[in-house]
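Undergrad: My file is query.pdb. It has PDB, C-alpha atoms:
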```
ATOM      1  CA  MET A   1       0.000   0.000   0.000
ATOM      2  CA  VAL A   2       1.350   3.428  -0.989
ATOM      3  CA  ASN A   3       1.228   6.037   1.761
ATOM      4  CA  GLN A   4      -0.635   9.201   0.764
ATOM      5  CA  PHE A   5       0.491  12.570   2.074
ATOM      6  CA  PHE A   6      -0.846  16.086   1.747
ATOM      7  CA  VAL A   7       2.405  17.807   0.790
ATOM      8  CA  LYS A   8       2.861  21.158   2.552
ATOM      9  CA  ALA A   9       6.664  21.458   2.295
ATOM     10  CA  ASP A  10       8.717  22.206  -0.786
ATOM     11  CA  VAL A  11      10.609  19.087  -1.871
ATOM     12  CA  VAL A  12      13.981  18.828  -3.637
ATOM     13  CA  ASP A  13      15.224  15.631  -5.280
ATOM     14  CA  ILE A  14      18.837  15.379  -4.091
ATOM     15  CA  THR A  15      19.776  13.244  -7.089
ATOM     16  CA  ASN A  16      19.103  16.293  -9.281
ATOM     17  CA  ASP A  17      20.439  19.027  -7.016
ATOM     18  CA  SER A  18      23.804  20.547  -6.152
ATOM     19  CA  PRO A  19      24.332  21.880  -2.613
ATOM     20  CA  GLN A  20      25.282  25.535  -2.386
ATOM     21  CA  ALA A  21      27.506  27.496  -0.026
ATOM     22  CA  ALA A  22      24.483  29.425   1.259
ATOM     23  CA  ASP A  23      22.604  26.228   2.209
ATOM     24  CA  GLN A  24      22.053  25.468   5.888
ATOM     25  CA  PHE A  25      20.774  21.946   6.379
ATOM     26  CA  PHE A  26      19.455  20.197   9.431
ATOM     27  CA  VAL A  27      20.375  16.545   8.852
ATOM     28  CA  ASP A  28      17.832  13.985  10.031
ATOM     29  CA  THR A  29      19.031  10.947  11.962
ATOM     30  CA  ASN A  30      18.357   8.553   9.091
ATOM     31  CA  ALA A  31      20.654  10.538   6.787
ATOM     32  CA  TRP A  32      23.403  10.517   9.429
ATOM     33  CA  GLU A  33      22.872   6.782   9.756
ATOM     34  CA  PHE A  34      23.321   6.209   6.021
ATOM     35  CA  LEU A  35      26.401   8.455   5.937
ATOM     36  CA  THR A  36      28.103   6.497   8.715
ATOM     37  CA  TYR A  37      26.580   3.102   7.873
ATOM     38  CA  ILE A  38      28.567   0.071   9.021
ATOM     39  CA  PRO A  39      27.510  -3.130   7.199
ATOM     40  CA  VAL A  40      26.694  -6.081   9.441
ATOM     41  CA  SER A  41      26.853  -9.514   7.847
ATOM     42  CA  LEU A  42      23.624 -11.521   7.878
ATOM     43  CA  SER A  43      21.712  -8.606   9.374
ATOM     44  CA  PRO A  44      17.955  -8.822   8.711
ATOM     45  CA  ILE A  45      17.743  -5.005   8.719
ATOM     46  CA  THR A  46      19.772  -3.263   6.024
ATOM     47  CA  PRO A  47      19.334   0.061   4.202
ATOM     48  CA  LYS A  48      18.180   0.131   0.607
ATOM     49  CA  PRO A  49      20.929   0.686  -1.994
ATOM     50  CA  TYR A  50      19.736   4.216  -2.837
ATOM     51  CA  GLN A  51      19.890   5.216   0.843
ATOM     52  CA  VAL A  52      23.561   4.363   1.329
ATOM     53  CA  ARG A  53      24.386   5.897  -2.062
ATOM     54  CA  ASP A  54      22.369   9.103  -2.407
ATOM     55  CA  TYR A  55      22.550  10.573   1.102
ATOM     56  CA  PRO A  56      26.305  10.112   1.653
ATOM     57  CA  ASN A  57      26.941  11.504  -1.836
ATOM     58  CA  TYR A  58      24.790  14.562  -1.211
ATOM     59  CA  ILE A  59      26.203  15.270   2.243
ATOM     60  CA  LYS A  60      29.761  14.929   0.965
ATOM     61  CA  HIS A  61      28.972  17.374  -1.857
ATOM     62  CA  ALA A  62      27.417  19.721   0.707
ATOM     63  CA  LEU A  63      30.618  19.658   2.743
ATOM     64  CA  LYS A  64      32.710  20.346  -0.353
ATOM     65  CA  SER A  65      30.396  23.240  -1.245
ATOM     66  CA  ARG A  66      30.809  24.650   2.287
ATOM     67  CA  SER A  67      27.144  24.243   3.134
ATOM     68  CA  ARG A  68      26.495  24.236   6.881
ATOM     69  CA  LEU A  69      25.181  21.020   8.428
ATOM     70  CA  TYR A  70      23.410  20.814  11.779
ATOM     71  CA  ARG A  71      22.485  18.187  14.346
ATOM     72  CA  CYS A  72      20.946  18.327  17.817
ATOM     73  CA  GLY A  73      21.277  16.313  21.006
ATOM     74  CA  LEU A  74      18.202  14.230  20.209
ATOM     75  CA  SER A  75      20.000  13.023  17.081
ATOM     76  CA  PHE A  76      22.448  11.251  19.400
ATOM     77  CA  SER A  77      19.635   9.627  21.357
ATOM     78  CA  GLU A  78      17.771   8.457  18.269
ATOM     79  CA  LEU A  79      20.885   7.209  16.467
ATOM     80  CA  SER A  80      22.062   5.320  19.556
ATOM     81  CA  SER A  81      18.698   3.586  19.871
ATOM     82  CA  LEU A  82      18.745   2.641  16.187
ATOM     83  CA  ILE A  83      22.240   1.178  16.457
ATOM     84  CA  GLU A  84      21.339  -0.924  19.495
ATOM     85  CA  PHE A  85      18.055  -2.101  17.958
ATOM     86  CA  LYS A  86      19.672  -3.155  14.684
ATOM     87  CA  ARG A  87      22.611  -4.892  16.337
ATOM     88  CA  CYS A  88      20.143  -6.683  18.589
ATOM     89  CA  ALA A  89      18.117  -7.743  15.543
ATOM     90  CA  ASN A  90      21.281  -9.126  13.989
ATOM     91  CA  PHE A  91      22.119 -10.994  17.204
ATOM     92  CA  LEU A  92      18.623 -12.462  17.473
ATOM     93  CA  HIS A  93      18.816 -13.516  13.831
ATOM     94  CA  LYS A  94      21.782 -15.694  14.798
ATOM     95  CA  VAL A  95      20.434 -16.704  18.233
ATOM     96  CA  PRO A  96      16.682 -17.054  17.616
ATOM     97  CA  ASP A  97      15.872 -18.521  21.025
ATOM     98  CA  LYS A  98      16.739 -15.225  22.749
ATOM     99  CA  ARG A  99      14.135 -12.613  21.852
ATOM    100  CA  GLU A 100      14.541  -9.769  24.310
ATOM    101  CA  LEU A 101      16.444  -6.521  23.972
ATOM    102  CA  LYS A 102      17.104  -6.586  27.725
ATOM    103  CA  TYR A 103      18.782  -9.975  27.387
ATOM    104  CA  PHE A 104      20.919  -8.648  24.554
ATOM    105  CA  ARG A 105      21.881  -5.571  26.543
ATOM    106  CA  HIS A 106      22.683  -7.188  29.888
ATOM    107  CA  ASN A 107      23.832 -10.733  29.146
ATOM    108  CA  ASN A 108      26.191 -10.258  26.232
ATOM    109  CA  PRO A 109      29.147  -8.062  27.208
ATOM    110  CA  ILE A 110      30.950  -8.545  23.891
ATOM    111  CA  GLU A 111      27.851  -7.482  21.925
ATOM    112  CA  ARG A 112      27.307  -4.577  24.340
ATOM    113  CA  ALA A 113      30.874  -3.416  23.850
ATOM    114  CA  GLY A 114      30.281  -3.500  20.090
ATOM    115  CA  VAL A 115      27.179  -1.324  20.458
ATOM    116  CA  VAL A 116      29.044   1.224  22.569
ATOM    117  CA  ALA A 117      32.027   1.325  20.226
ATOM    118  CA  GLU A 118      29.790   1.820  17.185
ATOM    119  CA  ILE A 119      27.831   4.624  18.857
ATOM    120  CA  GLN A 120      31.028   6.399  19.887
ATOM    121  CA  SER A 121      32.626   6.041  16.452
ATOM    122  CA  ARG A 122      29.604   7.197  14.476
ATOM    123  CA  TRP A 123      28.868  10.150  16.741
ATOM    124  CA  LEU A 124      32.471  11.310  16.585
ATOM    125  CA  ASP A 125      32.221  11.345  12.781
ATOM    126  CA  ILE A 126      28.941  13.277  12.884
ATOM    127  CA  THR A 127      30.270  15.936  15.260
ATOM    128  CA  GLN A 128      33.200  16.521  12.916
ATOM    129  CA  PHE A 129      30.833  17.189  10.006
ATOM    130  CA  SER A 130      28.187  19.316  11.704
ATOM    131  CA  GLU A 131      27.249  22.047  14.163
ATOM    132  CA  ASP A 132      25.059  21.580  17.222
ATOM    133  CA  LEU A 133      21.602  23.132  17.560
ATOM    134  CA  SER A 134      20.887  23.866  21.185
ATOM    135  CA  LEU A 135      17.517  22.482  22.209
ATOM    136  CA  THR A 136      15.981  22.556  25.683
ATOM    137  CA  ILE A 137      13.120  20.134  26.165
ATOM    138  CA  ASP A 138      10.971  21.905  28.726
ATOM    139  CA  ASP A 139       7.308  22.785  29.180
ATOM    140  CA  VAL A 140       7.590  25.662  26.708
ATOM    141  CA  LEU A 141       8.874  23.377  23.949
ATOM    142  CA  ILE A 142       6.386  20.635  24.779
ATOM    143  CA  ASN A 143       3.479  23.092  24.668
ATOM    144  CA  ARG A 144       4.674  24.373  21.284
ATOM    145  CA  SER A 145       4.815  20.793  20.080
ATOM    146  CA  LEU A 146       1.354  20.015  21.426
ATOM    147  CA  ASN A 147      -0.012  22.950  19.431
ATOM    148  CA  LEU A 148       1.652  21.664  16.258
ATOM    149  CA  ILE A 149       1.115  17.915  16.510
ATOM    150  CA  GLY A 150      -2.497  17.967  15.346
ATOM    151  CA  ASN A 151      -1.581  19.681  12.091
ATOM    152  CA  VAL A 152       1.325  17.493  10.929
ATOM    153  CA  GLN A 153       2.011  13.769  10.636
ATOM    154  CA  VAL A 154       5.408  13.097  12.238
ATOM    155  CA  ASP A 155       6.659  11.251  15.313
ATOM    156  CA  MET A 156       7.819  13.068  18.438
ATOM    157  CA  TYR A 157      11.533  12.944  17.593
ATOM    158  CA  ASP A 158      10.744  14.618  14.284
ATOM    159  CA  LEU A 159       8.452  17.162  15.913
ATOM    160  CA  PHE A 160      11.265  18.232  18.234
ATOM    161  CA  TYR A 161      13.624  18.455  15.243
ATOM    162  CA  VAL A 162      11.142  20.771  13.535
ATOM    163  CA  GLU A 163      11.040  22.942  16.645
ATOM    164  CA  ALA A 164      14.851  22.991  16.860
ATOM    165  CA  MET A 165      14.971  24.126  13.241
ATOM    166  CA  ALA A 166      12.354  26.820  13.817
ATOM    167  CA  LEU A 167      14.157  28.191  16.869
ATOM    168  CA  ALA A 168      17.413  28.373  14.864
ATOM    169  CA  GLY A 169      15.751  29.886  11.804
ATOM    170  CA  LEU A 170      16.508  26.863   9.611
ATOM    171  CA  THR A 171      14.142  25.769   6.851
ATOM    172  CA  GLN A 172      16.131  23.043   5.025
ATOM    173  CA  ILE A 173      16.309  19.401   6.085
ATOM    174  CA  ILE A 174      18.036  16.389   4.530
ATOM    175  CA  THR A 175      15.944  13.311   5.263
ATOM    176  CA  ASP A 176      14.644  10.030   3.873
ATOM    177  CA  ASP A 177      11.509  10.329   6.001
ATOM    178  CA  ALA A 178       8.533  11.288   3.836
ATOM    179  CA  ASP A 179       6.597  12.420   6.927
ATOM    180  CA  PHE A 180       8.464  15.733   6.798
ATOM    181  CA  VAL A 181       6.633  16.754   3.619
ATOM    182  CA  THR A 182       3.602  17.437   5.845
ATOM    183  CA  ILE A 183       5.450  20.325   7.532
ATOM    184  CA  PRO A 184       4.672  23.748   6.015
ATOM    185  CA  GLY A 185       7.404  26.344   5.598
ATOM    186  CA  ILE A 186      10.347  23.971   5.168
ATOM    187  CA  THR A 187      12.207  22.477   2.218
ATOM    188  CA  VAL A 188      12.764  18.719   2.302
ATOM    189  CA  PHE A 189      15.883  17.475   0.505
ATOM    190  CA  THR A 190      15.340  13.784  -0.129
ATOM    191  CA  SER A 191      15.852  10.775  -2.352
ATOM    192  CA  ASN A 192      12.658   9.089  -1.138
ATOM    193  CA  ARG A 193      10.769   8.342  -4.362
ATOM    194  CA  ASN A 194       7.339   8.311  -2.717
ATOM    195  CA  ALA A 195       7.926  11.792  -1.282
ATOM    196  CA  ILE A 196       9.293  13.064  -4.593
ATOM    197  CA  GLU A 197       6.446  11.692  -6.709
ATOM    198  CA  LEU A 198       3.801  12.986  -4.300
ATOM    199  CA  ALA A 199       5.444  16.412  -4.358
ATOM    200  CA  ARG A 200       5.554  16.326  -8.166
ATOM    201  CA  SER A 201       1.857  15.418  -8.415
ATOM    202  CA  GLN A 202       0.905  18.204  -5.981
ATOM    203  CA  GLY A 203       3.092  20.901  -7.536
ATOM    204  CA  LYS A 204       5.516  21.032  -4.604
ATOM    205  CA  LEU A 205       8.638  19.621  -6.269
ATOM    206  CA  LEU A 206      11.259  22.379  -6.366
ATOM    207  CA  LYS A 207      13.972  22.600  -9.003
ATOM    208  CA  ARG A 208      16.793  24.930  -7.942
TER     209      ARG A 208
END
```
Can I see the file as C-alpha cells?

TA:
Amino acid sequence: MVNQFFVKADVVDITNDSPQAADQFFVDTNAWEFLTYIPVSLSPITPKPYQVRDYPNYIKHALKSRSRLYRCGLSFSELSSLIEFKRCANFLHKVPDKRELKYFRHNNPIERAGVVAEIQSRWLDITQFSEDLSLTIDDVLINRSLNLIGNVQVDMYDLFYVEAMALAGLTQIITDDADFVTIPGITVFTSNRNAIELARSQGKLLKR
C-alpha cells in the first residue's frame, strides 16, 4: 500500500540538485545513519541501496560546497537507539531462542561493547561534520509541540527536530523520512521516491 500525504513542504530531489555554499541543512538521523553506515553480515535489517548511495553523496557534496550542516542532542539519542536495535536484531537472527532486547543488553558483554564502540565512532564522525543546535526540552517546547502535533504527521523525535529548526531559523532538512513533507514552511531534501512523486503530483517539487 502506498502512503498518501498532503504535501505542505517544498521538496527537492537530491539526485538532481547541487548543494550551495548558502545552504544550511538540518540533517535527520536517518541521513546521518546512512552516511556512517557500518555493514553487518547476515543482518535482517539493512538500508536500501539508494539510501547508502544518495545521502552520503549529497552530504559529501554539501561539505565540499561549504554548506552548513546541523544536528541536535536528540539526534544522538535516536541514532544510539537505532544502532542498538539493529545490532540486537542481527544478534537475534543468529540466536533465535533469545528474543529480548534486555537480554541482549545485559547478558552479552561482547555485543554490548560493540554497540558502545559503534555509537562512539559514528557520533564522533557526525560531530566533525556538523554544528550543534541547542535544544531545551521543557514545558515551553512541549506546549509548542502540542499545538503543532495535530496539524502534521510526524513522530515526536521529528516534531522536536522541527522545533529545533524553527528556533534556529533553519528551513532546510536532509531526510529520507517522507513524513516531513507534511510540515509547512520547510524544504525537504530527499531521495525518497514516494515523497518526490507525491510532491511532483501536488506541484511542490522544487527545481533549484

Undergrad: Name the closest residue to Pro19 in chain A among the candidates A:Ile137, A:Leu79, A:Ile174, A:Ala89; distances are taken between atoms, counting only C-alpha atoms.

TA: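 For Pro19 in chain A, the nearest of the given residues is A:Ile174.
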
Undergrad: At a cut-off of 10 Å, using only C-alpha atoms, what residues contact range 105-122 of chain A? Leave out same-chain residues fewer than 4 positions from it and give the result as a PyMOL selection string.

TA: chain A and resi 32-33+35-38+76-77+79-88+91+100-101+126-127

Undergrad: Using the chain letters and numbers from this file, what does the PyMOL selection byres ((chain A and resi 31) around 10) select? Give the answer as a VMD selection string.

TA: chain A and resid 27 to 30 32 to 37 51 to 52 54 to 56 58 to 59 173 to 177 190

Undergrad: Just the selected residues (C-alpha atoms), exported as a PDB file, in the coordinates of the input, please.

TA:
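selection.pdb written:
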```pdb
ATOM      1  CA  VAL A  27      20.375  16.545   8.852  1.00  0.00           C
ATOM      2  CA  ASP A  28      17.832  13.985  10.031  1.00  0.00           C
ATOM      3  CA  THR A  29      19.031  10.947  11.962  1.00  0.00           C
ATOM      4  CA  ASN A  30      18.357   8.553   9.091  1.00  0.00           C
ATOM      5  CA  TRP A  32      23.403  10.517   9.429  1.00  0.00           C
ATOM      6  CA  GLU A  33      22.872   6.782   9.756  1.00  0.00           C
ATOM      7  CA  PHE A  34      23.321   6.209   6.021  1.00  0.00           C
ATOM      8  CA  LEU A  35      26.401   8.455   5.937  1.00  0.00           C
ATOM      9  CA  THR A  36      28.103   6.497   8.715  1.00  0.00           C
ATOM     10  CA  TYR A  37      26.580   3.102   7.873  1.00  0.00           C
ATOM     11  CA  GLN A  51      19.890   5.216   0.843  1.00  0.00           C
ATOM     12  CA  VAL A  52      23.561   4.363   1.329  1.00  0.00           C
ATOM     13  CA  ASP A  54      22.369   9.103  -2.407  1.00  0.00           C
ATOM     14  CA  TYR A  55      22.550  10.573   1.102  1.00  0.00           C
ATOM     15  CA  PRO A  56      26.305  10.112   1.653  1.00  0.00           C
ATOM     16  CA  TYR A  58      24.790  14.562  -1.211  1.00  0.00           C
ATOM     17  CA  ILE A  59      26.203  15.270   2.243  1.00  0.00           C
ATOM     18  CA  ILE A 173      16.309  19.401   6.085  1.00  0.00           C
ATOM     19  CA  ILE A 174      18.036  16.389   4.530  1.00  0.00           C
ATOM     20  CA  THR A 175      15.944  13.311   5.263  1.00  0.00           C
ATOM     21  CA  ASP A 176      14.644  10.030   3.873  1.00  0.00           C
ATOM     22  CA  ASP A 177      11.509  10.329   6.001  1.00  0.00           C
ATOM     23  CA  THR A 190      15.340  13.784  -0.129  1.00  0.00           C
TER      24      THR A 190
END
```

Undergrad: Determine, counting only C-alpha atoms, which protein, DNA and RNA residues have an atom within 9 Å of an atom of Gln24 in chain A; residues of the same chain fewer than 2 positions away are not included. Present the result as a ChimeraX atom specification.

TA: /A:20-22,26,67-70,170-173

Undergrad: Axis-aligned box over every listed atom of range 47-62 of chain A, padded by 4 Å per side: centre and edges in Å to one decimal, as AutoDock Vina command-line options?

TA:
```
--center_x 24.0 --center_y 9.9 --center_z 0.7 --size_x 19.6 --size_y 27.7 --size_z 15.0
```

Undergrad: Quick one: pull the distance between CA of Asp13 in chain A and CA of Leu198 in chain A, Å, one decimal.

TA: 11.8 Å

Undergrad: What gap, in Å, lies between CA of Ile183 in chain A and CA of Val11 in chain A?

TA: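 Taking CA of Ile183 in chain A as the start and CA of Val11 in chain A as the end point, the length is 10.8 Å.
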
Undergrad: Given the choices A:Thr182, A:Leu206, A:Gln128, A:Ser134, which gets closest to Ile149 in chain A if the distance is worked out from only C-alpha atoms?

TA: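 Residue with the minimum atom-to-atom distance to Ile149 in chain A: A:Thr182.
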
Undergrad: The PyMOL selection byres ((chain A and resi 148) around 12) on the file shown: which residues, as a ChimeraX atom specification?

TA: /A:141-147,149-156,158-160,162-163,182-184

Undergrad: Enter the distance from CA of Leu205 in chain A to CA of Tyr161 in chain A, in Å, rounded to one decimal.

TA: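 About the pair CA of Leu205 in chain A and CA of Tyr161 in chain A: they are 22.1 Å apart.
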
Undergrad: Which residue, A:Ala178, A:Val12, A:Met165, A:Ala62, has the smallest gap to Asn192 in chain A when you use only C-alpha atoms?

TA: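 Distance minimum relative to Asn192 in chain A lands on A:Ala178.
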
Undergrad: Some atoms are missing, so please complete range 20-32 of chain A with N, CA and C atoms and return it as a PDB file, keeping the file's coordinate frame.

TA:
```pdb
ATOM      1  N   GLN A  20      24.694  24.217  -2.193  1.00  0.00           N
ATOM      2  CA  GLN A  20      25.282  25.535  -2.386  1.00  0.00           C
ATOM      3  C   GLN A  20      25.885  26.042  -1.081  1.00  0.00           C
ATOM      4  N   ALA A  21      26.820  26.968  -1.210  1.00  0.00           N
ATOM      5  CA  ALA A  21      27.506  27.496  -0.026  1.00  0.00           C
ATOM      6  C   ALA A  21      26.532  28.164   0.935  1.00  0.00           C
ATOM      7  N   ALA A  22      25.449  28.728   0.410  1.00  0.00           N
ATOM      8  CA  ALA A  22      24.483  29.425   1.259  1.00  0.00           C
ATOM      9  C   ALA A  22      23.513  28.474   1.966  1.00  0.00           C
ATOM     10  N   ASP A  23      23.531  27.189   1.612  1.00  0.00           N
ATOM     11  CA  ASP A  23      22.604  26.228   2.209  1.00  0.00           C
ATOM     12  C   ASP A  23      22.954  25.963   3.676  1.00  0.00           C
ATOM     13  N   GLN A  24      21.908  25.860   4.485  1.00  0.00           N
ATOM     14  CA  GLN A  24      22.053  25.468   5.888  1.00  0.00           C
ATOM     15  C   GLN A  24      21.062  24.333   6.143  1.00  0.00           C
ATOM     16  N   PHE A  25      21.599  23.139   6.272  1.00  0.00           N
ATOM     17  CA  PHE A  25      20.774  21.946   6.379  1.00  0.00           C
ATOM     18  C   PHE A  25      20.753  21.396   7.799  1.00  0.00           C
ATOM     19  N   PHE A  26      19.558  21.116   8.309  1.00  0.00           N
ATOM     20  CA  PHE A  26      19.455  20.197   9.431  1.00  0.00           C
ATOM     21  C   PHE A  26      19.455  18.794   8.832  1.00  0.00           C
ATOM     22  N   VAL A  27      20.264  17.898   9.392  1.00  0.00           N
ATOM     23  CA  VAL A  27      20.375  16.545   8.852  1.00  0.00           C
ATOM     24  C   VAL A  27      19.626  15.588   9.781  1.00  0.00           C
ATOM     25  N   ASP A  28      18.627  14.925   9.245  1.00  0.00           N
ATOM     26  CA  ASP A  28      17.832  13.985  10.031  1.00  0.00           C
ATOM     27  C   ASP A  28      18.676  12.773  10.404  1.00  0.00           C
ATOM     28  N   THR A  29      18.257  12.081  11.453  1.00  0.00           N
ATOM     29  CA  THR A  29      19.031  10.947  11.962  1.00  0.00           C
ATOM     30  C   THR A  29      19.226   9.873  10.903  1.00  0.00           C
ATOM     31  N   ASN A  30      18.192   9.618  10.081  1.00  0.00           N
ATOM     32  CA  ASN A  30      18.357   8.553   9.091  1.00  0.00           C
ATOM     33  C   ASN A  30      19.452   8.891   8.089  1.00  0.00           C
ATOM     34  N   ALA A  31      19.594  10.159   7.721  1.00  0.00           N
ATOM     35  CA  ALA A  31      20.654  10.538   6.787  1.00  0.00           C
ATOM     36  C   ALA A  31      22.034  10.406   7.433  1.00  0.00           C
ATOM     37  N   TRP A  32      22.134  10.750   8.715  1.00  0.00           N
ATOM     38  CA  TRP A  32      23.403  10.517   9.429  1.00  0.00           C
ATOM     39  C   TRP A  32      23.708   9.024   9.475  1.00  0.00           C
TER      40      TRP A  32
END
```
